[in-house]
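Trainee: One file is attached below, final-v2.cif, containing mmCIF, C-alpha atoms (C1' of nucleotides).
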```cif
data_target
#
loop_
_atom_site.label_atom_id
_atom_site.label_comp_id
_atom_site.auth_asym_id
_atom_site.auth_seq_id
_atom_site.Cartn_x
_atom_site.Cartn_y
_atom_site.Cartn_z
CA MET G 256 -31.42 1.05 0.19
CA ALA G 257 -28.37 -0.90 -0.80
CA ASN G 258 -30.29 -2.28 -3.76
CA GLU G 259 -30.53 1.13 -5.32
CA MET G 260 -26.79 1.64 -5.06
CA LEU G 261 -26.23 -1.76 -6.58
CA ASP G 262 -28.70 -1.14 -9.41
CA ASP G 263 -27.15 2.23 -10.14
CA ALA G 264 -23.71 0.73 -10.30
CA VAL G 265 -24.82 -2.08 -12.59
CA ARG G 266 -26.60 0.35 -14.89
CA SER G 267 -23.69 2.77 -15.07
CA LEU G 268 -21.26 -0.03 -15.77
CA ARG G 269 -23.49 -1.47 -18.49
CA GLU G 270 -23.81 1.95 -20.07
CA SER G 271 -20.07 2.21 -20.40
CA GLY G 272 -19.81 -1.18 -22.03
CA VAL G 273 -18.84 -3.31 -19.08
CA ARG G 274 -20.35 -6.78 -19.17
CA MET G 275 -22.16 -8.08 -16.16
CA THR G 276 -20.95 -11.47 -15.01
CA PRO G 277 -22.14 -13.36 -11.95
CA GLN G 278 -18.80 -12.85 -10.20
CA ARG G 279 -18.74 -9.16 -10.99
CA HIS G 280 -22.29 -8.77 -9.76
CA ALA G 281 -21.49 -10.60 -6.55
CA ILE G 282 -18.53 -8.34 -5.83
CA LEU G 283 -20.68 -5.27 -6.37
CA GLU G 284 -23.36 -6.79 -4.18
CA TYR G 285 -20.83 -7.45 -1.46
CA LEU G 286 -19.58 -3.87 -1.56
CA THR G 287 -23.07 -2.39 -1.41
CA THR G 288 -24.40 -4.43 1.48
CA GLY G 289 -22.72 -3.05 4.52
CA HIS G 290 -19.24 -4.43 3.89
CA THR G 291 -17.12 -1.33 4.07
CA HIS G 292 -13.41 -1.03 3.32
CA PRO G 293 -12.70 -4.72 2.65
CA THR G 294 -9.43 -5.91 1.21
CA ALA G 295 -9.38 -7.85 -2.05
CA ASP G 296 -8.69 -10.99 -0.07
CA GLU G 297 -11.65 -10.45 2.22
CA ILE G 298 -13.93 -10.13 -0.78
CA TYR G 299 -12.42 -13.25 -2.30
CA ARG G 300 -12.92 -15.31 0.84
CA ALA G 301 -16.46 -14.05 1.31
CA LEU G 302 -17.45 -15.17 -2.17
CA GLU G 303 -15.45 -18.33 -2.77
CA HIS G 304 -18.16 -20.56 -1.32
CA ARG G 305 -20.61 -19.21 -3.88
CA PHE G 306 -18.03 -19.35 -6.68
CA PRO G 307 -15.70 -22.24 -5.87
CA ASN G 308 -13.78 -21.74 -9.09
CA MET G 309 -13.37 -18.00 -8.83
CA SER G 310 -9.82 -16.72 -9.13
CA VAL G 311 -8.26 -14.04 -6.95
CA ALA G 312 -7.31 -12.33 -10.18
CA THR G 313 -10.99 -11.86 -10.91
CA VAL G 314 -11.43 -9.90 -7.72
CA TYR G 315 -8.45 -7.70 -8.52
CA ASN G 316 -9.51 -7.24 -12.12
CA ASN G 317 -12.98 -6.17 -11.11
CA LEU G 318 -11.79 -3.83 -8.40
CA ARG G 319 -9.57 -2.16 -10.97
CA VAL G 320 -12.49 -1.77 -13.36
CA PHE G 321 -14.68 -0.35 -10.62
CA ARG G 322 -11.95 2.07 -9.61
CA GLU G 323 -11.45 3.22 -13.20
CA LYS G 324 -15.17 3.82 -13.49
CA GLY G 325 -15.21 5.77 -10.24
CA ILE G 326 -17.46 3.27 -8.49
CA VAL G 327 -15.03 2.30 -5.77
CA GLU G 328 -12.22 4.13 -4.08
CA GLU G 329 -8.95 2.38 -3.37
CA MET G 330 -7.08 3.22 -0.20
CA ASN G 331 -3.64 2.31 1.09
CA TYR G 332 -3.36 2.58 4.81
CA GLY G 333 -0.56 1.52 7.05
CA ASP G 334 -1.30 -2.15 6.60
CA ALA G 335 -0.06 -4.19 3.73
CA SER G 336 -3.08 -4.48 1.49
CA SER G 337 -5.35 -1.99 -0.19
CA ARG G 338 -8.88 -1.46 0.98
CA PHE G 339 -11.81 -0.71 -1.26
CA ASP G 340 -14.79 1.46 -0.53
CA PHE G 341 -17.98 1.82 -2.50
CA VAL G 342 -18.31 5.49 -3.38
CA THR G 343 -21.52 6.99 -2.06
CA THR G 344 -21.63 10.39 -0.51
CA ARG G 345 -18.42 12.21 0.19
CA HIS G 346 -16.99 11.20 3.53
CA TYR G 347 -13.67 10.91 5.31
CA HIS G 348 -12.16 8.07 7.31
CA MET G 349 -11.24 7.73 10.95
CA ILE G 350 -8.78 4.88 11.46
CA CYS G 351 -7.93 3.13 14.71
CA GLU G 352 -4.21 2.62 15.17
CA GLY G 353 -4.89 -0.12 17.70
CA CYS G 354 -7.10 -2.53 15.77
CA GLY G 355 -7.32 -1.05 12.29
CA LYS G 356 -11.04 -0.37 12.47
CA ILE G 357 -12.22 2.24 9.96
CA VAL G 358 -15.19 4.49 10.64
CA ASP G 359 -16.66 6.99 8.20
CA PHE G 360 -17.42 10.50 9.28
CA ASN G 361 -18.89 13.44 7.46
CA TYR G 362 -17.25 16.81 7.28
CA PRO G 363 -17.71 19.76 4.94
CA VAL G 364 -15.66 19.07 1.85
CA LEU G 365 -12.30 20.80 1.98
CA ASP G 366 -12.57 22.69 -1.29
CA ASP G 367 -10.41 25.48 0.06
CA VAL G 368 -7.44 23.20 0.51
CA GLU G 369 -7.63 22.24 -3.13
CA THR G 370 -7.74 25.85 -4.23
CA VAL G 371 -4.81 26.86 -2.07
CA ALA G 372 -2.76 23.82 -3.06
CA ALA G 373 -3.38 24.50 -6.74
CA HIS G 374 -2.27 28.06 -6.32
CA LEU G 375 0.88 27.21 -4.37
CA THR G 376 2.07 24.35 -6.52
CA GLY G 377 0.81 25.11 -10.00
CA PHE G 378 -0.83 21.69 -10.20
CA LYS G 379 -4.22 21.16 -11.75
CA VAL G 380 -6.09 19.67 -8.81
CA ASP G 381 -8.23 16.61 -9.22
CA ARG G 382 -9.17 15.43 -5.74
CA HIS G 383 -7.92 15.10 -2.22
CA ARG G 384 -7.87 12.58 0.51
CA LEU G 385 -8.03 13.03 4.26
CA GLU G 386 -7.70 10.50 7.03
CA VAL G 387 -7.71 10.94 10.78
CA TYR G 388 -5.84 8.47 12.96
CA GLY G 389 -6.50 7.69 16.60
CA THR G 390 -7.78 5.10 19.06
CA CYS G 391 -11.29 3.70 18.92
CA PRO G 392 -13.47 3.44 22.06
CA ASP G 393 -12.89 -0.32 22.32
CA CYS G 394 -9.13 0.01 22.22
CA GLN G 395 -9.26 2.90 24.68
CA SER G 396 -10.99 0.74 27.27
CA ASN G 397 -8.83 -2.28 26.55
CA VAL G 398 -5.73 -0.53 27.84
CA HIS G 399 -4.53 -2.38 30.90
CA MET V 837 20.38 23.83 7.96
CA ALA V 838 20.05 20.17 7.37
CA ASN V 839 22.77 19.55 9.92
CA GLU V 840 20.60 20.80 12.72
CA MET V 841 17.82 18.49 11.78
CA LEU V 842 20.25 15.62 11.62
CA ASP V 843 21.84 16.47 14.95
CA ASP V 844 18.46 16.80 16.59
CA ALA V 845 17.40 13.44 15.29
CA VAL V 846 20.59 11.76 16.42
CA ARG V 847 20.31 13.31 19.87
CA SER V 848 16.67 12.39 20.30
CA LEU V 849 17.32 8.83 19.20
CA ARG V 850 20.29 8.50 21.54
CA GLU V 851 18.22 9.83 24.40
CA SER V 852 15.67 7.11 23.89
CA GLY V 853 18.33 4.44 23.91
CA VAL V 854 18.78 3.91 20.19
CA ARG V 855 22.38 3.17 19.22
CA MET V 856 24.01 5.14 16.46
CA THR V 857 25.56 2.98 13.79
CA PRO V 858 27.22 4.21 10.62
CA GLN V 859 24.42 2.80 8.48
CA ARG V 860 21.75 4.34 10.67
CA HIS V 861 23.51 7.67 10.61
CA ALA V 862 23.83 7.55 6.85
CA ILE V 863 20.12 6.89 6.42
CA LEU V 864 19.29 9.83 8.65
CA GLU V 865 21.76 11.96 6.76
CA TYR V 866 20.19 10.99 3.48
CA LEU V 867 16.73 11.89 4.72
CA THR V 868 17.82 15.28 6.03
CA THR V 869 19.71 16.45 2.97
CA GLY V 870 17.06 17.30 0.48
CA HIS V 871 15.98 13.77 -0.38
CA THR V 872 12.27 13.92 0.19
CA HIS V 873 9.82 11.03 0.08
CA PRO V 874 12.23 8.31 -1.02
CA THR V 875 11.29 4.65 -1.02
CA ALA V 876 13.26 2.17 1.05
CA ASP V 877 14.84 0.91 -2.12
CA GLU V 878 15.94 4.36 -3.22
CA ILE V 879 17.67 4.85 0.12
CA TYR V 880 19.29 1.47 -0.19
CA ARG V 881 20.62 2.12 -3.67
CA ALA V 882 21.86 5.57 -2.72
CA LEU V 883 23.93 4.17 0.13
CA GLU V 884 25.14 0.82 -1.11
CA HIS V 885 28.29 2.26 -2.63
CA ARG V 886 29.27 3.62 0.77
CA PHE V 887 28.19 0.43 2.54
CA PRO V 888 28.71 -2.40 0.08
CA ASN V 889 27.65 -4.97 2.64
CA MET V 890 24.55 -3.22 3.84
CA SER V 891 21.37 -5.28 3.75
CA VAL V 892 17.99 -4.03 2.56
CA ALA V 893 16.67 -5.29 5.84
CA THR V 894 18.78 -2.70 7.60
CA VAL V 895 17.06 0.07 5.71
CA TYR V 896 13.65 -1.30 6.57
CA ASN V 897 14.60 -1.90 10.20
CA ASN V 898 15.83 1.64 10.58
CA LEU V 899 12.87 3.19 8.87
CA ARG V 900 10.63 1.29 11.28
CA VAL V 901 12.61 2.57 14.25
CA PHE V 902 12.48 6.13 12.94
CA ARG V 903 8.75 5.86 12.37
CA GLU V 904 8.17 4.51 15.87
CA LYS V 905 10.16 7.41 17.27
CA GLY V 906 8.20 9.91 15.23
CA ILE V 907 11.21 11.00 13.20
CA VAL V 908 9.91 9.93 9.83
CA GLU V 909 6.45 9.58 8.41
CA GLU V 910 5.53 6.60 6.27
CA MET V 911 3.16 7.07 3.38
CA ASN V 912 1.42 4.62 1.08
CA TYR V 913 0.34 6.15 -2.16
CA GLY V 914 -1.06 4.52 -5.20
CA ASP V 915 2.24 2.97 -6.17
CA ALA V 916 3.56 -0.24 -4.78
CA SER V 917 6.10 0.86 -2.23
CA SER V 918 5.97 3.07 0.84
CA ARG V 919 7.62 6.46 0.86
CA PHE V 920 9.34 8.00 3.85
CA ASP V 921 9.49 11.62 4.83
CA PHE V 922 11.61 13.26 7.47
CA VAL V 923 9.26 15.06 9.83
CA THR V 924 10.03 18.77 10.03
CA THR V 925 7.37 21.40 10.05
CA ARG V 926 3.84 20.37 9.41
CA HIS V 927 3.06 20.23 5.72
CA TYR V 928 0.80 18.44 3.32
CA HIS V 929 1.51 16.68 0.04
CA MET V 930 0.45 17.40 -3.50
CA ILE V 931 0.85 14.33 -5.70
CA CYS V 932 0.94 14.20 -9.48
CA GLU V 933 -1.18 11.40 -10.91
CA GLY V 934 0.77 11.55 -14.12
CA CYS V 935 4.36 11.09 -13.01
CA GLY V 936 4.13 10.50 -9.26
CA LYS V 937 5.98 13.66 -8.33
CA ILE V 938 5.33 14.80 -4.76
CA VAL V 939 5.45 18.46 -3.76
CA ASP V 940 5.05 19.78 -0.25
CA PHE V 941 2.75 22.66 0.46
CA ASN V 942 1.88 24.49 3.62
CA TYR V 943 -1.63 25.02 4.86
CA PRO V 944 -3.02 25.92 8.24
CA VAL V 945 -3.19 22.73 10.27
CA LEU V 946 -6.66 21.22 10.16
CA ASP V 947 -7.21 21.01 13.91
CA ASP V 948 -10.92 21.46 13.49
CA VAL V 949 -11.25 18.28 11.49
CA GLU V 950 -9.66 16.35 14.31
CA THR V 951 -12.00 17.87 16.87
CA VAL V 952 -15.09 17.15 14.81
CA ALA V 953 -13.95 13.64 13.95
CA ALA V 954 -13.27 12.87 17.60
CA HIS V 955 -16.69 14.10 18.56
CA LEU V 956 -18.51 12.17 15.84
CA THR V 957 -16.74 8.87 16.25
CA GLY V 958 -15.72 8.70 19.90
CA PHE V 959 -12.12 8.05 18.91
CA LYS V 960 -9.23 9.61 20.75
CA VAL V 961 -7.54 11.46 17.90
CA ASP V 962 -3.83 11.25 17.38
CA ARG V 963 -3.10 12.82 14.02
CA HIS V 964 -4.40 13.22 10.50
CA ARG V 965 -3.14 13.03 7.00
CA LEU V 966 -4.15 14.97 3.94
CA GLU V 967 -3.09 14.59 0.34
CA VAL V 968 -4.17 16.44 -2.76
CA TYR V 969 -3.99 14.72 -6.14
CA GLY V 970 -3.72 16.35 -9.51
CA THR V 971 -1.48 17.01 -12.49
CA CYS V 972 1.84 18.81 -12.23
CA PRO V 973 2.81 21.62 -14.63
CA ASP V 974 5.16 19.34 -16.56
CA CYS V 975 2.52 16.72 -17.17
CA GLN V 976 -0.03 19.38 -18.06
CA SER V 977 2.18 20.65 -20.88
CA ASN V 978 3.17 17.18 -22.00
CA VAL V 979 -0.38 16.38 -23.08
CA HIS V 980 -0.35 15.96 -26.82
"C1'" DT P 433 39.07 -3.63 27.78
"C1'" DA P 434 35.20 -6.90 28.65
"C1'" DT P 435 30.50 -7.32 28.62
"C1'" DT P 436 25.98 -7.21 26.85
"C1'" DA P 437 22.15 -6.01 24.50
"C1'" DG P 438 21.02 -4.15 20.38
"C1'" DA P 439 22.11 -3.82 15.26
"C1'" DT P 440 23.41 -5.74 10.96
"C1'" DT P 441 23.81 -9.19 7.52
"C1'" DG P 442 22.31 -12.67 4.32
"C1'" DT P 443 18.88 -15.30 3.01
"C1'" DA P 444 14.56 -17.37 2.90
"C1'" DA P 445 9.86 -16.80 3.29
"C1'" DT P 446 5.58 -14.35 3.07
"C1'" DC P 447 2.27 -11.51 1.25
"C1'" DT P 448 0.07 -8.66 -2.18
"C1'" DT P 449 -0.59 -7.75 -6.76
"C1'" DT P 450 0.10 -8.29 -11.72
"C1'" DA P 451 1.04 -10.83 -16.13
"C1'" DT P 452 -0.08 -14.32 -19.30
"C1'" DA P 453 -2.24 -17.77 -22.05
"C1'" DA P 454 -6.02 -20.70 -22.53
"C1'" DT P 455 -10.80 -21.25 -21.85
"C1'" DT P 456 -15.37 -19.63 -21.04
"C1'" DA P 457 -19.33 -16.83 -21.51
"C1'" DG P 458 -21.87 -12.10 -22.07
"C1'" DT P 459 -23.87 -9.36 -25.61
"C1'" DC P 460 -25.10 -8.07 -30.15
"C1'" DT P 461 -26.92 -9.02 -34.61
"C1'" DA P 462 -28.97 -11.59 -38.18
"C1'" DT J 1315 -32.42 -18.39 -31.08
"C1'" DA J 1316 -27.85 -19.34 -33.14
"C1'" DG J 1317 -23.44 -17.64 -34.25
"C1'" DA J 1318 -19.83 -14.49 -33.86
"C1'" DC J 1319 -17.09 -11.33 -31.49
"C1'" DT J 1320 -14.79 -9.86 -27.74
"C1'" DA J 1321 -14.50 -9.25 -22.95
"C1'" DA J 1322 -14.08 -11.81 -18.67
"C1'" DT J 1323 -12.54 -15.60 -16.03
"C1'" DT J 1324 -9.44 -19.06 -14.61
"C1'" DA J 1325 -5.13 -21.07 -13.24
"C1'" DT J 1326 -0.73 -20.38 -12.65
"C1'" DA J 1327 3.51 -18.18 -12.61
"C1'" DA J 1328 6.08 -14.23 -11.71
"C1'" DA J 1329 7.24 -9.87 -9.78
"C1'" DG J 1330 7.89 -6.78 -6.16
"C1'" DA J 1331 7.81 -5.20 -1.40
"C1'" DT J 1332 8.38 -6.31 3.15
"C1'" DT J 1333 9.33 -9.28 7.09
"C1'" DA J 1334 11.38 -13.23 9.76
"C1'" DC J 1335 15.20 -15.43 11.46
"C1'" DA J 1336 19.63 -17.10 12.91
"C1'" DA J 1337 24.33 -16.00 13.01
"C1'" DT J 1338 27.59 -12.50 13.46
"C1'" DC J 1339 29.10 -8.12 14.74
"C1'" DT J 1340 29.46 -3.79 17.32
"C1'" DA J 1341 28.07 0.53 20.05
"C1'" DA J 1342 27.62 1.82 24.61
"C1'" DT J 1343 28.69 1.25 29.30
"C1'" DA J 1344 31.17 0.19 33.40
#
```
The structure in this file should be written as structure tokens.
Mentor:
Amino acid sequence: MANEMLDDAVRSLRESGVRMTPQRHAILEYLTTGHTHPTADEIYRALEHRFPNMSVATVYNNLRVFREKGIVEEMNYGDASSRFDFVTTRHYHMICEGCGKIVDFNYPVLDDVETVAAHLTGFKVDRHRLEVYGTCPDCQSNVH
Amino acid sequence: MANEMLDDAVRSLRESGVRMTPQRHAILEYLTTGHTHPTADEIYRALEHRFPNMSVATVYNNLRVFREKGIVEEMNYGDASSRFDFVTTRHYHMICEGCGKIVDFNYPVLDDVETVAAHLTGFKVDRHRLEVYGTCPDCQSNVH
DNA sequence: TATTAGATTGTAATCTTTATAATTAGTCTA
DNA sequence: TAGACTAATTATAAAGATTACAATCTAATA
């Protein structure tokens, strides 16, 4: 369940000395309850009715903390603002060029690419990122 | 040679009704002469001595045109500004998390990922993008 | 060469993100 | 449980990247 993910995240943050505030908890809760790839602004707007005094900076600060702790992944796509994704199992992203919709899909992890890239470039490889772009079913049928 | 790439680009743009201005030509020239993955601002600063009156908007406008025509690829990495890459042969990018350096490397095109992703999501696939992140040799030896 | 639509310029505006200082509030310990 | 310590939040300003827009200019075409 989402609750487990949330509890795990809270525990792991606590263990590394990160304090748990109501705002921070709410952002984590938002990310673990079906809201995938939101922007910072979307999170802010979703929570401002519960925290009328919350600052946008708080959202950004927390997202940075979560990213540094490996709890969320930050992604820059074509559009202006970053999107944030709660890290669960390894997955890749399919992105619609028509409407911007993002859908996760699973695929065997491309370890080989990392090995080859390390060999060719001399870099010490840390991670990789793969995105597929195309047109979602809705946008395909909306062509007129 | 770079000249061929440049000539091809100019021809293909002309054929699709894009006018060739000195500024536009200079931007293309810059992109085809060994300057890989520059930001819009880097292009602007590199050319402003030749075109003292050139506007930043011109650089952005042209990069958008080139992107729409498939002549350059736009990439958003962790840093603030987009980077632009002249499209030649298919290659992927290795990015240093220490200093931001970007190195191209070749790898068999991941057609299979596109096929699988299309099947799993119902999208019509257009293209994909892969980046590997790590630490470049320089940054590895600069750890102290 | 005259025409015309597209391109450029200059500037303002927008949008996202970060910086900063003051205030507030978790967490730890006595 | 109170007090202290320090991190987190808030509010606001600032920075930086990109876009919008109106006026001017110019490449392409006949």
Trainee: Point out the residue among J:DA1337, J:DA1331, J:DA1318, J:DA1325 with the least atom-to-atom distance to V:Thr875, counting only C-alpha atoms (C1' of nucleotides).
Mentor: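 The shortest atom-to-atom distance to V:Thr875 comes from J:DA1331.
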Trainee: As a JSON list (two decimals) with C-alpha atoms (C1' of nucleotides), in the coordinates of the input, could you give me every residue of chain P near chain G (at most 10 Å apart, counting only C-alpha atoms (C1' of nucleotides))?
Mentor:
```json
[["chain", "number", "residue", "atom", "x", "y", "z"],
["P", 447, "DC", "C1'", 2.27, -11.51, 1.25],
["P", 448, "DT", "C1'", 0.07, -8.66, -2.18],
["P", 449, "DT", "C1'", -0.59, -7.75, -6.76],
["P", 450, "DT", "C1'", 0.10, -8.29, -11.72],
["P", 457, "DA", "C1'", -19.33, -16.83, -21.51],
["P", 458, "DG", "C1'", -21.87, -12.10, -22.07],
["P", 459, "DT", "C1'", -23.87, -9.36, -25.61]]
```
Trainee: Point out the residue among G:Val342, G:Cys351, G:Ala301, G:Ile282 with the least atom-to-atom distance to G:Ile326, counting all atoms listed in the file.
Mentor: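 Closest to G:Ile326 of all the choices is G:Val342.
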Trainee: When all Cα positions are paired in order and chain G is fitted onto chain V, what RMSD is left, to one decimal?
Mentor: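 That gives an RMSD of 0.3 Å.
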Trainee: Nearest residue to chain G out of V:Leu849, V:Val895, V:Leu956, V:Ala862, using all atoms listed in the file?
Mentor: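 Between V:Leu849, V:Val895, V:Leu956, V:Ala862, the residue approaching chain G most closely is V:Leu956.
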Trainee: Which residues, named as in the file, does the PyMOL selection byres ((chain J and resi 1316) around 12) pick out? Answer as a PyMOL selection string.
Mentor: (chain P and resi 460-462) or (chain J and resi 1315+1317-1318)
Trainee: Looking at only C-alpha atoms, which of G:Lys324, G:His383, G:Arg338, G:His346 is the one that sits closest to chain V?
Mentor: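 The shortest atom-to-atom distance to chain V comes from G:His383.
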Trainee: On this structure, the PyMOL selection byres ((chain P and resi 455) around 9) would catch which residues? List them as a list in words, sorted by chain and number.
Mentor: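 The output of the PyMOL selection byres ((chain P and resi 455) around 9) on this file is DA454 and DT456 of chain P; DT1323 and DT1324 of chain J.
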Trainee: What are the nearest atom pairs, with distances in Å to one decimal, for all residues of chain G that come at most 8 Å from chain V, using all atoms listed in the file, set out by chain and rising residue number as a tab-separated table?
Mentor:
```
residue	atom	partner	partner_atom	distance
G:Met330	CA	V:Gly914	CA	7.9
G:Asn331	CA	V:Asn912	CA	5.6
G:Tyr332	CA	V:Asn912	CA	6.4
G:Gly333	CA	V:Asn912	CA	7.0
G:Met349	CA	V:Ala953	CA	7.2
G:Cys351	CA	V:Phe959	CA	7.7
G:Val358	CA	V:Thr957	CA	7.3
G:Phe360	CA	V:Ala953	CA	6.6
G:Tyr362	CA	V:Val949	CA	7.5
G:Val368	CA	V:Tyr943	CA	7.5
G:Glu369	CA	V:Val968	CA	6.8
G:Val371	CA	V:Tyr943	CA	7.8
G:Ala372	CA	V:Phe941	CA	6.6
G:Leu375	CA	V:Phe941	CA	6.9
G:Thr376	CA	V:Phe941	CA	7.2
G:Gly377	CA	V:Pro973	CA	6.1
G:Phe378	CA	V:Cys972	CA	4.4
G:Lys379	CA	V:Thr971	CA	5.0
G:Val380	CA	V:Gly970	CA	4.1
G:Asp381	CA	V:Gly970	CA	4.5
G:Arg382	CA	V:Tyr969	CA	5.2
G:His383	CA	V:Val968	CA	4.0
G:Arg384	CA	V:Glu967	CA	5.2
G:Leu385	CA	V:Leu966	CA	4.3
G:Glu386	CA	V:Arg965	CA	5.2
G:Val387	CA	V:His964	CA	4.0
G:Tyr388	CA	V:Arg963	CA	5.2
G:Gly389	CA	V:Val961	CA	4.1
G:Thr390	CA	V:Lys960	CA	5.0
G:Cys391	CA	V:Phe959	CA	4.4
G:Pro392	CA	V:Phe959	CA	5.7
G:Gln395	CA	V:Lys960	CA	7.8
```
Trainee: Those same residues - C-alpha atoms - I'd like them written as an mmCIF file, keeping the file's coordinate frame.
Mentor:
```cif
data_model
loop_
_atom_site.group_PDB
_atom_site.id
_atom_site.type_symbol
_atom_site.label_atom_id
_atom_site.label_comp_id
_atom_site.auth_asym_id
_atom_site.auth_seq_id
_atom_site.Cartn_x
_atom_site.Cartn_y
_atom_site.Cartn_z
ATOM 1 C CA MET G 330 -7.080 3.220 -0.200
ATOM 2 C CA ASN G 331 -3.640 2.310 1.090
ATOM 3 C CA TYR G 332 -3.360 2.580 4.810
ATOM 4 C CA GLY G 333 -0.560 1.520 7.050
ATOM 5 C CA MET G 349 -11.240 7.730 10.950
ATOM 6 C CA CYS G 351 -7.930 3.130 14.710
ATOM 7 C CA VAL G 358 -15.190 4.490 10.640
ATOM 8 C CA PHE G 360 -17.420 10.500 9.280
ATOM 9 C CA TYR G 362 -17.250 16.810 7.280
ATOM 10 C CA VAL G 368 -7.440 23.200 0.510
ATOM 11 C CA GLU G 369 -7.630 22.240 -3.130
ATOM 12 C CA VAL G 371 -4.810 26.860 -2.070
ATOM 13 C CA ALA G 372 -2.760 23.820 -3.060
ATOM 14 C CA LEU G 375 0.880 27.210 -4.370
ATOM 15 C CA THR G 376 2.070 24.350 -6.520
ATOM 16 C CA GLY G 377 0.810 25.110 -10.000
ATOM 17 C CA PHE G 378 -0.830 21.690 -10.200
ATOM 18 C CA LYS G 379 -4.220 21.160 -11.750
ATOM 19 C CA VAL G 380 -6.090 19.670 -8.810
ATOM 20 C CA ASP G 381 -8.230 16.610 -9.220
ATOM 21 C CA ARG G 382 -9.170 15.430 -5.740
ATOM 22 C CA HIS G 383 -7.920 15.100 -2.220
ATOM 23 C CA ARG G 384 -7.870 12.580 0.510
ATOM 24 C CA LEU G 385 -8.030 13.030 4.260
ATOM 25 C CA GLU G 386 -7.700 10.500 7.030
ATOM 26 C CA VAL G 387 -7.710 10.940 10.780
ATOM 27 C CA TYR G 388 -5.840 8.470 12.960
ATOM 28 C CA GLY G 389 -6.500 7.690 16.600
ATOM 29 C CA THR G 390 -7.780 5.100 19.060
ATOM 30 C CA CYS G 391 -11.290 3.700 18.920
ATOM 31 C CA PRO G 392 -13.470 3.440 22.060
ATOM 32 C CA GLN G 395 -9.260 2.900 24.680
#
```
Trainee: For chain V, which of J:DA1322, J:DA1342, J:DA1327, J:DA1336 is the closest residue, counting all atoms listed in the file?
Mentor: J:DA1342
Trainee: Once the PyMOL selection byres ((chain J) within 12 of (chain V)) has been evaluated on this model, what residues remain selected, and can you format them as a ChimeraX atom specification?
Mentor: /J:1329-1335,1339-1342
Trainee: Box for stretch 375-392 of chain G - axis-aligned, 4 Å on each of the six sides, all listed atoms - centre and size in Å to one decimal, as JSON.
Mentor:
```
{"center_x": -5.7, "center_y": 15.3, "center_z": 5.2, "size_x": 23.5, "size_y": 31.8, "size_z": 41.8}
```
Trainee: So which residues touch P:DT440 within 8 Å, counting only C-alpha atoms (C1' of nucleotides), skipping near sequence neighbours fewer than 4 positions away, as a list in words?
Mentor: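 Within the cut-off, the hits are Met890, Ser891 and Thr894 of chain V; DC1339 of chain J.
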Trainee: Between atom CA of V:Asn839 and atom CA of V:Arg886, measure the distance and give it in Å to one decimal.
Mentor: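 These two atoms are separated by 19.5 Å.
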Trainee: How would you write as a PyMOL selection string the residues that get within 10 Å of (-18.8, -0.6, 2.8) in the file's frame, counting all atoms listed in the file?
Mentor: chain G and resi 285-293+327+339-343+359
Trainee: Selected residues, C-alpha atoms, written as a CSV table (one decimal), keeping the file's coordinate frame, please.
Mentor:
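Produced file again_37.csv, reproduced below:
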```csv
chain,number,residue,atom,x,y,z
G,285,TYR,CA,-20.8,-7.4,-1.5
G,286,LEU,CA,-19.6,-3.9,-1.6
G,287,THR,CA,-23.1,-2.4,-1.4
G,288,THR,CA,-24.4,-4.4,1.5
G,289,GLY,CA,-22.7,-3.0,4.5
G,290,HIS,CA,-19.2,-4.4,3.9
G,291,THR,CA,-17.1,-1.3,4.1
G,292,HIS,CA,-13.4,-1.0,3.3
G,293,PRO,CA,-12.7,-4.7,2.6
G,327,VAL,CA,-15.0,2.3,-5.8
G,339,PHE,CA,-11.8,-0.7,-1.3
G,340,ASP,CA,-14.8,1.5,-0.5
G,341,PHE,CA,-18.0,1.8,-2.5
G,342,VAL,CA,-18.3,5.5,-3.4
G,343,THR,CA,-21.5,7.0,-2.1
G,359,ASP,CA,-16.7,7.0,8.2
```
Trainee: One decimal, in Å: what's the spacing between atom CA of G:Ile298 and atom C1' of J:DT1320?
Mentor: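 It comes out at 27.0 Å.
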Trainee: What is the atom CA of V:Leu842 to atom CA of V:Leu864 distance in Å?
Mentor: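 We find that atom CA of V:Leu842 and atom CA of V:Leu864 lie 6.6 Å from each other.
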